[in-house]
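Data block for model.txt (compact mmCIF, C-alpha atoms):
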```
# COMPACT_ATOMS: atom_id res chain seq x y z
CA MET A 113 57.51 10.06 -40.44
CA ILE A 114 55.35 13.16 -40.04
CA GLU A 115 57.61 15.06 -42.44
CA LYS A 116 57.33 12.21 -44.93
CA VAL A 117 53.54 12.37 -44.85
CA LEU A 118 53.60 16.15 -45.21
CA GLY A 119 56.13 15.75 -48.02
CA GLY A 120 53.64 13.72 -50.02
CA GLN A 121 54.29 10.14 -48.86
CA THR A 122 50.80 9.93 -47.43
CA GLU A 123 50.84 6.13 -47.07
CA THR A 124 53.38 6.59 -44.25
CA PHE A 125 50.49 7.87 -42.10
CA HIS A 126 49.36 4.28 -41.60
CA GLU A 127 52.72 3.42 -40.04
CA LEU A 128 52.82 6.65 -38.06
CA ILE A 129 49.64 5.88 -36.15
CA ARG A 130 50.13 2.16 -35.50
CA PRO A 131 51.72 2.61 -32.03
CA TYR A 132 48.75 4.75 -30.92
CA GLU A 133 45.84 2.62 -32.12
CA ARG A 134 45.20 1.09 -28.71
CA SER A 135 45.54 4.23 -26.62
CA VAL A 136 43.23 6.28 -28.84
CA TYR A 137 40.58 3.54 -28.74
CA LEU A 138 40.96 3.16 -24.99
CA MET A 139 40.50 6.87 -24.43
CA ALA A 140 37.33 6.86 -26.52
CA LEU A 141 35.99 3.75 -24.80
CA SER A 142 36.61 5.09 -21.32
CA LEU A 143 34.45 8.09 -22.14
CA LEU A 144 31.77 6.50 -24.29
CA HIS A 145 31.39 3.01 -22.68
CA ASN A 146 30.29 1.50 -25.96
CA GLU A 147 32.70 -0.51 -28.08
CA ALA A 148 31.13 0.24 -31.45
CA GLU A 149 30.90 3.95 -30.75
CA ALA A 150 34.41 4.07 -29.32
CA GLU A 151 35.74 2.38 -32.45
CA ASP A 152 33.92 4.87 -34.65
CA ALA A 153 35.21 7.79 -32.56
CA ALA A 154 38.77 6.42 -32.76
CA GLN A 155 38.50 6.13 -36.56
CA GLU A 156 37.17 9.69 -36.81
CA ALA A 157 39.98 10.93 -34.59
CA PHE A 158 42.65 9.37 -36.82
CA ILE A 159 40.97 10.77 -39.93
CA LYS A 160 40.98 14.24 -38.33
CA ALA A 161 44.61 13.78 -37.36
CA TYR A 162 45.42 13.09 -41.02
CA ARG A 163 43.36 16.03 -42.24
CA TYR A 164 44.99 18.47 -39.82
CA LEU A 165 48.48 16.98 -39.66
CA GLY A 166 49.85 20.20 -41.19
CA LYS A 167 48.77 22.05 -38.05
CA PHE A 168 50.68 19.72 -35.72
CA ARG A 169 53.53 21.53 -34.01
CA SER A 170 56.50 19.46 -32.99
CA GLU A 171 56.77 21.31 -29.66
CA SER A 172 54.09 18.93 -28.37
CA ARG A 173 54.23 15.15 -28.56
CA PHE A 174 52.35 13.50 -31.38
CA SER A 175 50.70 11.10 -28.92
CA THR A 176 49.44 14.00 -26.77
CA TRP A 177 48.07 15.73 -29.86
CA LEU A 178 46.24 12.55 -30.90
CA ILE A 179 44.77 12.17 -27.42
CA SER A 180 43.48 15.75 -27.52
CA ILE A 181 41.76 15.00 -30.83
CA VAL A 182 40.06 11.82 -29.61
CA LEU A 183 39.05 13.53 -26.36
CA ASN A 184 37.34 16.28 -28.32
CA GLU A 185 35.67 13.73 -30.55
CA ALA A 186 34.38 11.67 -27.60
CA ARG A 187 33.33 14.73 -25.58
CA GLY A 188 31.41 16.04 -28.60
CA ARG A 189 29.53 12.76 -28.87
CA LEU A 190 28.74 12.81 -25.15
CA ARG A 191 27.43 16.37 -25.41
CA ASN A 192 25.18 15.37 -28.31
CA LYS A 193 23.78 12.49 -26.30
CA LYS A 194 23.40 14.31 -23.00
CA PRO A 195 23.64 18.09 -23.27
CA GLY A 196 24.90 19.64 -20.06
CA LEU A 197 26.80 16.53 -19.14
CA THR A 198 30.11 18.36 -18.94
CA ASP A 199 31.18 17.92 -15.36
CA SER A 200 31.64 20.99 -13.30
CA ILE A 201 34.42 19.83 -11.05
CA ASP A 202 35.74 22.16 -8.40
CA ASP A 203 39.33 21.14 -7.83
CA ASN A 204 39.55 23.47 -4.87
CA SER A 205 36.55 22.13 -3.01
CA GLU A 206 37.39 20.87 0.43
CA GLY A 207 35.60 17.54 0.78
CA SER A 208 37.92 14.67 -0.08
CA PRO A 209 36.44 11.27 -0.82
CA VAL A 210 36.62 8.76 2.00
CA PRO A 211 38.06 5.33 1.12
CA ALA A 212 36.50 1.99 2.02
CA GLN A 213 37.89 0.99 5.38
CA LEU A 214 38.61 -2.71 5.28
CA THR A 215 40.74 -4.34 7.89
CA ASP A 216 40.75 -7.74 6.22
CA TRP A 217 41.97 -6.72 2.75
CA ARG A 218 43.84 -9.46 0.93
CA GLU A 219 45.56 -8.76 -2.34
CA ILE A 220 43.48 -9.60 -5.40
CA PRO A 221 45.80 -11.46 -7.78
CA SER A 222 46.07 -10.30 -11.39
CA GLU A 223 45.07 -13.80 -12.50
CA SER A 224 41.55 -13.04 -11.27
CA LEU A 225 41.22 -10.79 -14.35
CA GLU A 226 40.94 -13.97 -16.39
CA ARG A 227 37.37 -14.00 -15.09
CA GLN A 228 34.91 -11.95 -17.12
CA GLU A 229 33.04 -11.08 -13.93
CA VAL A 230 36.09 -9.38 -12.42
CA ARG A 231 36.90 -7.46 -15.62
CA THR A 232 33.29 -6.24 -15.71
CA LEU A 233 33.51 -5.08 -12.09
CA VAL A 234 36.64 -3.06 -12.84
CA ARG A 235 35.17 -1.50 -16.00
CA ARG A 236 31.93 -0.61 -14.22
CA ALA A 237 33.78 0.99 -11.35
CA LEU A 238 35.80 3.13 -13.80
CA ALA A 239 32.55 4.15 -15.48
CA THR A 240 31.19 5.47 -12.18
CA LEU A 241 33.93 8.10 -11.93
CA PRO A 242 32.92 11.65 -12.88
CA LEU A 243 34.08 12.38 -16.43
CA ALA A 244 36.75 14.90 -15.42
CA TYR A 245 38.29 12.41 -12.99
CA ARG A 246 37.98 9.50 -15.40
CA GLU A 247 39.89 11.35 -18.13
CA VAL A 248 42.78 12.02 -15.78
CA PHE A 249 42.73 8.50 -14.38
CA VAL A 250 42.81 6.86 -17.81
CA LEU A 251 45.65 9.05 -19.03
CA ARG A 252 47.77 8.60 -15.91
CA GLU A 253 47.07 4.99 -14.97
CA LEU A 254 46.09 3.22 -18.17
CA GLU A 255 48.01 5.26 -20.73
CA GLU A 256 50.90 5.90 -18.35
CA ARG A 257 51.25 9.58 -19.31
CA ASN A 258 53.14 11.77 -16.90
CA VAL A 259 51.52 14.67 -15.05
CA GLN A 260 52.74 17.26 -17.56
CA GLU A 261 51.50 15.36 -20.63
CA THR A 262 48.14 14.71 -18.96
CA ALA A 263 47.75 18.39 -18.12
CA GLU A 264 48.65 19.33 -21.68
CA ALA A 265 46.23 16.84 -23.28
CA LEU A 266 43.35 17.98 -21.07
CA GLY A 267 44.20 21.68 -21.00
CA ILE A 268 44.30 21.82 -17.19
CA THR A 269 47.00 22.61 -14.62
CA THR A 270 49.35 19.99 -13.20
CA ALA A 271 47.88 20.73 -9.75
CA SER A 272 44.43 19.80 -11.07
CA VAL A 273 45.82 16.59 -12.58
CA LYS A 274 47.24 15.57 -9.19
CA MET A 275 44.08 16.45 -7.29
CA ARG A 276 41.76 14.69 -9.75
CA LEU A 277 43.97 11.62 -9.87
CA HIS A 278 44.02 11.38 -6.09
CA ARG A 279 40.24 11.67 -5.86
CA ALA A 280 39.72 9.19 -8.70
CA ARG A 281 41.95 6.65 -6.98
CA ILE A 282 40.17 6.97 -3.64
CA MET A 283 36.74 6.82 -5.30
CA LEU A 284 37.75 3.68 -7.16
CA GLN A 285 39.10 2.10 -4.00
CA LYS A 286 35.83 2.90 -2.22
CA GLU A 287 33.73 1.49 -5.06
CA LEU A 288 35.82 -1.49 -5.99
CA ALA A 289 37.61 -2.82 -2.92
CA PRO A 290 34.49 -4.22 -1.18
CA GLN A 291 33.17 -5.70 -4.45
CA LEU A 292 36.47 -7.35 -5.36
CA LYS A 293 36.84 -8.76 -1.89
CA SER A 294 33.49 -10.53 -2.27
CA ALA A 295 34.02 -11.54 -5.90
CA VAL A 296 37.50 -12.95 -5.31
CA PRO A 297 37.50 -14.66 -1.93
CA ALA A 298 40.83 -15.47 -0.34
CA SER A 299 42.23 -18.58 -1.91
CA ARG A 300 44.32 -19.53 1.08
CA ARG A 301 43.89 -23.24 1.66
CA ARG A 302 42.95 -24.43 5.08
CA PHE A 303 44.22 -27.75 6.26
CA PRO A 304 41.18 -29.92 7.00
CA TRP A 305 42.71 -31.44 10.10
CA PHE A 306 42.94 -28.10 11.90
CA MET B 1088 53.79 15.54 13.35
CA VAL B 1089 51.18 12.97 14.39
CA LEU B 1090 48.69 12.39 11.58
CA ASN B 1091 45.17 11.09 11.91
CA CYS B 1092 43.60 8.68 9.42
CA ARG B 1093 41.93 11.40 7.34
CA HIS B 1094 45.25 13.20 6.85
CA VAL B 1095 46.83 9.94 5.75
CA TRP B 1096 44.07 9.30 3.20
CA ASP B 1097 44.78 12.72 1.70
CA TYR B 1098 48.42 11.71 1.28
CA ILE B 1099 47.78 8.23 -0.16
CA SER B 1100 48.26 9.30 -3.79
CA GLY B 1101 51.38 11.30 -3.02
CA TYR B 1102 52.70 8.34 -1.05
CA ILE B 1103 52.06 5.92 -3.93
CA ASP B 1104 53.67 8.31 -6.45
CA ASN B 1105 56.54 9.07 -4.07
CA THR B 1106 55.98 12.81 -4.35
CA LEU B 1107 55.68 13.61 -0.63
CA ASP B 1108 58.47 15.52 1.07
CA ALA B 1109 60.67 13.44 3.34
CA ALA B 1110 59.12 14.67 6.60
CA THR B 1111 55.53 14.02 5.49
CA ARG B 1112 56.48 10.62 4.11
CA ALA B 1113 58.02 9.69 7.44
CA ASP B 1114 54.87 10.84 9.28
CA VAL B 1115 52.69 8.75 6.96
CA GLU B 1116 54.91 5.71 7.44
CA GLU B 1117 54.80 6.17 11.19
CA HIS B 1118 51.00 6.14 11.06
CA LEU B 1119 50.85 3.19 8.66
CA ALA B 1120 53.02 1.12 10.94
CA HIS B 1121 50.36 1.27 13.63
CA CYS B 1122 47.08 1.63 11.72
CA GLU B 1123 45.56 -1.48 10.24
CA ILE B 1124 42.81 0.45 8.44
CA CYS B 1125 45.14 2.87 6.65
CA SER B 1126 47.52 0.04 5.74
CA ALA B 1127 44.57 -1.75 4.14
CA VAL B 1128 43.51 1.45 2.34
CA LEU B 1129 47.02 1.82 0.92
CA ASP B 1130 47.34 -1.85 -0.06
CA SER B 1131 43.90 -2.02 -1.65
CA THR B 1132 44.43 1.23 -3.58
CA ARG B 1133 47.76 0.00 -4.93
CA ASN B 1134 46.27 -3.37 -5.81
CA ILE B 1135 43.33 -1.77 -7.60
CA LEU B 1136 45.69 0.42 -9.65
CA ILE B 1137 47.53 -2.70 -10.80
CA LEU B 1138 44.26 -4.37 -11.78
CA THR B 1139 42.80 -1.36 -13.62
CA ALA B 1140 45.98 -0.88 -15.64
CA ASP B 1141 45.97 -4.48 -16.83
CA ASP B 1142 45.50 -4.81 -20.60
CA ARG B 1143 42.90 -7.53 -20.07
CA VAL B 1144 40.38 -5.05 -18.59
CA PHE B 1145 39.92 -3.30 -21.94
CA GLU B 1146 40.63 -5.45 -24.96
CA LEU B 1147 40.65 -4.22 -28.54
CA PRO B 1148 37.70 -5.53 -30.58
CA LEU B 1149 38.67 -8.24 -33.06
CA GLY B 1150 39.53 -6.72 -36.44
CA TYR B 1151 39.76 -3.18 -35.01
CA SER B 1152 43.09 -2.41 -36.63
CA GLU B 1153 42.08 -3.76 -40.04
CA ARG B 1154 38.83 -1.77 -40.03
CA LEU B 1155 40.64 1.37 -38.91
CA HIS B 1156 43.21 1.25 -41.70
CA ALA B 1157 40.60 0.36 -44.32
CA ARG B 1158 38.44 3.34 -43.36
CA LEU B 1159 41.47 5.57 -43.16
CA ALA B 1160 42.60 4.49 -46.62
CA ASP B 1161 39.15 5.38 -48.00
CA ALA B 1162 39.15 8.75 -46.23
CA MET B 1163 42.66 9.56 -47.44
CA LEU B 1164 41.46 9.27 -51.03
CA GLU B 1165 38.88 11.98 -50.36
CA ILE B 1166 41.01 14.36 -48.28
CA PRO B 1167 43.64 16.60 -49.91
CA PRO B 1168 47.15 15.54 -48.84
CA PRO B 1169 48.10 17.44 -45.67
CA GLU B 1170 50.84 20.05 -46.01
CA ARG B 1171 52.90 21.88 -43.45
CA GLU B 1172 51.13 25.09 -42.52
CA SER B 1173 53.33 28.10 -42.00
CA GLY B 1174 53.04 30.24 -38.89
```
What does the file become when written as structure tokens?
Amino acid sequence: MIEKVLGGQTETFHELIRPYERSVYLMALSLLHNEAEAEDAAQEAFIKAYRYLGKFRSESRFSTWLISIVLNEARGRLRNKKPGLTDSIDDNSEGSPVPAQLTDWREIPSESLERQEVRTLVRRALATLPLAYREVFVLRELEERNVQETAEALGITTASVKMRLHRARIMLQKELAPQLKSAVPASRRRFPWF
Amino acid sequence: MVLNCRHVWDYISGYIDNTLDAATRADVEEHLAHCEICSAVLDSTRNILILTADDRVFELPLGYSERLHARLADAMLEIPPPERESG
């Protein structure tokens, strides 16, 4: 399809990007936390992708290239809003995050996501992650990219991807596990005659 | 090797992704079998990953796709058709 667009069938670009509409928006939203701005950033990213499609090299995946474009777009907007926001993350620093230590954890069923309150808790917890960890987490866990693709999209090493993902997961567990446990109490029924 | 809880927490991600070597994995499992806290850390982390990855957490705004393609169509009228760049 890319060759068709570059060969003059520009309308094919609409079809080319359809499978990536959600992931590009999601990436923008996870950085910007504002639906209207994320939508605008996603639109800009697709327009840039069209403008620079001739520069795309087939050695990399089209989806990874698109993600790099939307990341740059969203990071640029963040910088404009809060200069100096760029996280300085030291992947080699020693201190690992400590998880929440709960002995009475009960699985939170996926059905609980039907509740707006629970979805908000999850989104807020993701928003508390440092930007550099959040980018890795979203690519690996939400977009289901492998370590290599994530490293390529972010321009970091695979070792950094693994380290940041680990820390992001533990930070999320620490932030979210106690809140979810309170928000979604165990639904196990007790027999009144006991 | 006998691991303490902190060591196990450092291996949680590798354990979930199944990227630990066999000996370390066995050590982690040995610890998990006896440690209620670390078992809960593992279970809650796994559970939270399932919840965060659920499509319902982030939903596309209504009309997003239509607005995207409309804006794109407008922009494509203004932008010269892209061509393969050599090099």
Near Arg1154 (chain B), counting all atoms listed in the file, which residues have an atom at most 10 Å away, once you skip same-chain residues fewer than 5 positions from it, shown as JSON, numbers by chain? {"A": [151, 152, 155], "B": [1149, 1159, 1160]}
Item to complete: Select residues of chain A: the criterion is any atom within 8 Å of an atom of chain B, counting only C-alpha atoms; output as number ranges by chain.
Response: A: 117-120, 122, 126, 133-134, 137-138, 147, 151, 155, 158-159, 162-167, 208, 210-220, 222, 225-226, 231-232, 234-235, 253-254, 277-278, 281-282, 284-285, 288-289
Taken to one decimal, the CA of Ile114 (chain A)-CA of Leu1164 (chain B) distance is 18.1 Å
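Taking CA of Glu156 (chain A) and CA of Glu264 (chain A) as the two end points, the separation is 21.3 Å.
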Here CA of Met1088 (chain B) and CA of Thr1111 (chain B) stand apart by 8.2 Å
Shortest contact to Ala161 (chain A), candidates A:Leu144, A:Arg189, A:Met139, A:Tyr132, atoms counted all atoms listed in the file, goes to A:Tyr132
May I ask you to restore N, CA and C atoms in region 209-240 of chain A and write the result as a CSV table (one decimal), in the frame of the given file?
```csv
chain,number,residue,atom,x,y,z
A,209,PRO,N,37.2,12.5,-1.0
A,209,PRO,CA,36.4,11.3,-0.8
A,209,PRO,C,37.0,10.4,0.3
A,210,VAL,N,36.2,9.6,0.9
A,210,VAL,CA,36.6,8.8,2.0
A,210,VAL,C,36.7,7.3,1.5
A,211,PRO,N,37.9,6.7,1.7
A,211,PRO,CA,38.1,5.3,1.1
A,211,PRO,C,37.3,4.3,1.9
A,212,ALA,N,37.1,3.1,1.3
A,212,ALA,CA,36.5,2.0,2.0
A,212,ALA,C,37.5,1.5,3.1
A,213,GLN,N,37.0,1.4,4.3
A,213,GLN,CA,37.9,1.0,5.4
A,213,GLN,C,37.7,-0.5,5.7
A,214,LEU,N,38.7,-1.3,5.1
A,214,LEU,CA,38.6,-2.7,5.3
A,214,LEU,C,39.8,-3.1,6.1
A,215,THR,N,39.6,-3.9,7.1
A,215,THR,CA,40.7,-4.3,7.9
A,215,THR,C,41.2,-5.7,7.4
A,216,ASP,N,40.4,-6.4,6.6
A,216,ASP,CA,40.8,-7.7,6.2
A,216,ASP,C,41.0,-7.8,4.7
A,217,TRP,N,41.6,-6.7,4.2
A,217,TRP,CA,42.0,-6.7,2.8
A,217,TRP,C,43.0,-7.7,2.4
A,218,ARG,N,42.8,-8.6,1.4
A,218,ARG,CA,43.8,-9.5,0.9
A,218,ARG,C,44.0,-9.1,-0.5
A,219,GLU,N,45.3,-9.1,-1.0
A,219,GLU,CA,45.6,-8.8,-2.3
A,219,GLU,C,44.7,-9.6,-3.3
A,220,ILE,N,44.2,-8.9,-4.3
A,220,ILE,CA,43.5,-9.6,-5.4
A,220,ILE,C,44.5,-9.9,-6.5
A,221,PRO,N,44.8,-11.2,-6.8
A,221,PRO,CA,45.8,-11.5,-7.8
A,221,PRO,C,45.4,-11.1,-9.2
A,222,SER,N,46.4,-10.7,-10.0
A,222,SER,CA,46.1,-10.3,-11.4
A,222,SER,C,45.4,-11.4,-12.2
A,223,GLU,N,45.7,-12.7,-11.8
A,223,GLU,CA,45.1,-13.8,-12.5
A,223,GLU,C,43.5,-13.8,-12.4
A,224,SER,N,43.0,-13.1,-11.4
A,224,SER,CA,41.6,-13.0,-11.3
A,224,SER,C,40.9,-12.3,-12.5
A,225,LEU,N,41.7,-11.5,-13.2
A,225,LEU,CA,41.2,-10.8,-14.4
A,225,LEU,C,40.9,-11.7,-15.5
A,226,GLU,N,41.3,-13.0,-15.4
A,226,GLU,CA,40.9,-14.0,-16.4
A,226,GLU,C,39.4,-14.2,-16.4
A,227,ARG,N,38.8,-13.8,-15.2
A,227,ARG,CA,37.4,-14.0,-15.1
A,227,ARG,C,36.7,-12.8,-15.6
A,228,GLN,N,35.7,-13.0,-16.5
A,228,GLN,CA,34.9,-12.0,-17.1
A,228,GLN,C,34.2,-11.1,-16.0
A,229,GLU,N,33.8,-11.8,-15.0
A,229,GLU,CA,33.0,-11.1,-13.9
A,229,GLU,C,33.9,-10.0,-13.3
A,230,VAL,N,35.2,-10.3,-13.1
A,230,VAL,CA,36.1,-9.4,-12.4
A,230,VAL,C,36.4,-8.2,-13.4
A,231,ARG,N,36.6,-8.5,-14.6
A,231,ARG,CA,36.9,-7.5,-15.6
A,231,ARG,C,35.7,-6.5,-15.7
A,232,THR,N,34.5,-7.1,-15.6
A,232,THR,CA,33.3,-6.2,-15.7
A,232,THR,C,33.2,-5.3,-14.5
A,233,LEU,N,33.5,-5.9,-13.3
A,233,LEU,CA,33.5,-5.1,-12.1
A,233,LEU,C,34.4,-3.9,-12.2
A,234,VAL,N,35.6,-4.1,-12.7
A,234,VAL,CA,36.6,-3.1,-12.8
A,234,VAL,C,36.2,-2.0,-13.8
A,235,ARG,N,35.6,-2.5,-15.0
A,235,ARG,CA,35.2,-1.5,-16.0
A,235,ARG,C,34.0,-0.7,-15.5
A,236,ARG,N,33.1,-1.3,-14.8
A,236,ARG,CA,31.9,-0.6,-14.2
A,236,ARG,C,32.4,0.4,-13.2
A,237,ALA,N,33.3,0.1,-12.4
A,237,ALA,CA,33.8,1.0,-11.4
A,237,ALA,C,34.4,2.2,-12.0
A,238,LEU,N,35.2,2.0,-13.1
A,238,LEU,CA,35.8,3.1,-13.8
A,238,LEU,C,34.7,4.0,-14.4
A,239,ALA,N,33.6,3.4,-14.9
A,239,ALA,CA,32.6,4.2,-15.5
A,239,ALA,C,31.8,5.0,-14.5
A,240,THR,N,31.9,4.7,-13.2
A,240,THR,CA,31.2,5.5,-12.2
A,240,THR,C,31.9,6.8,-11.8
```
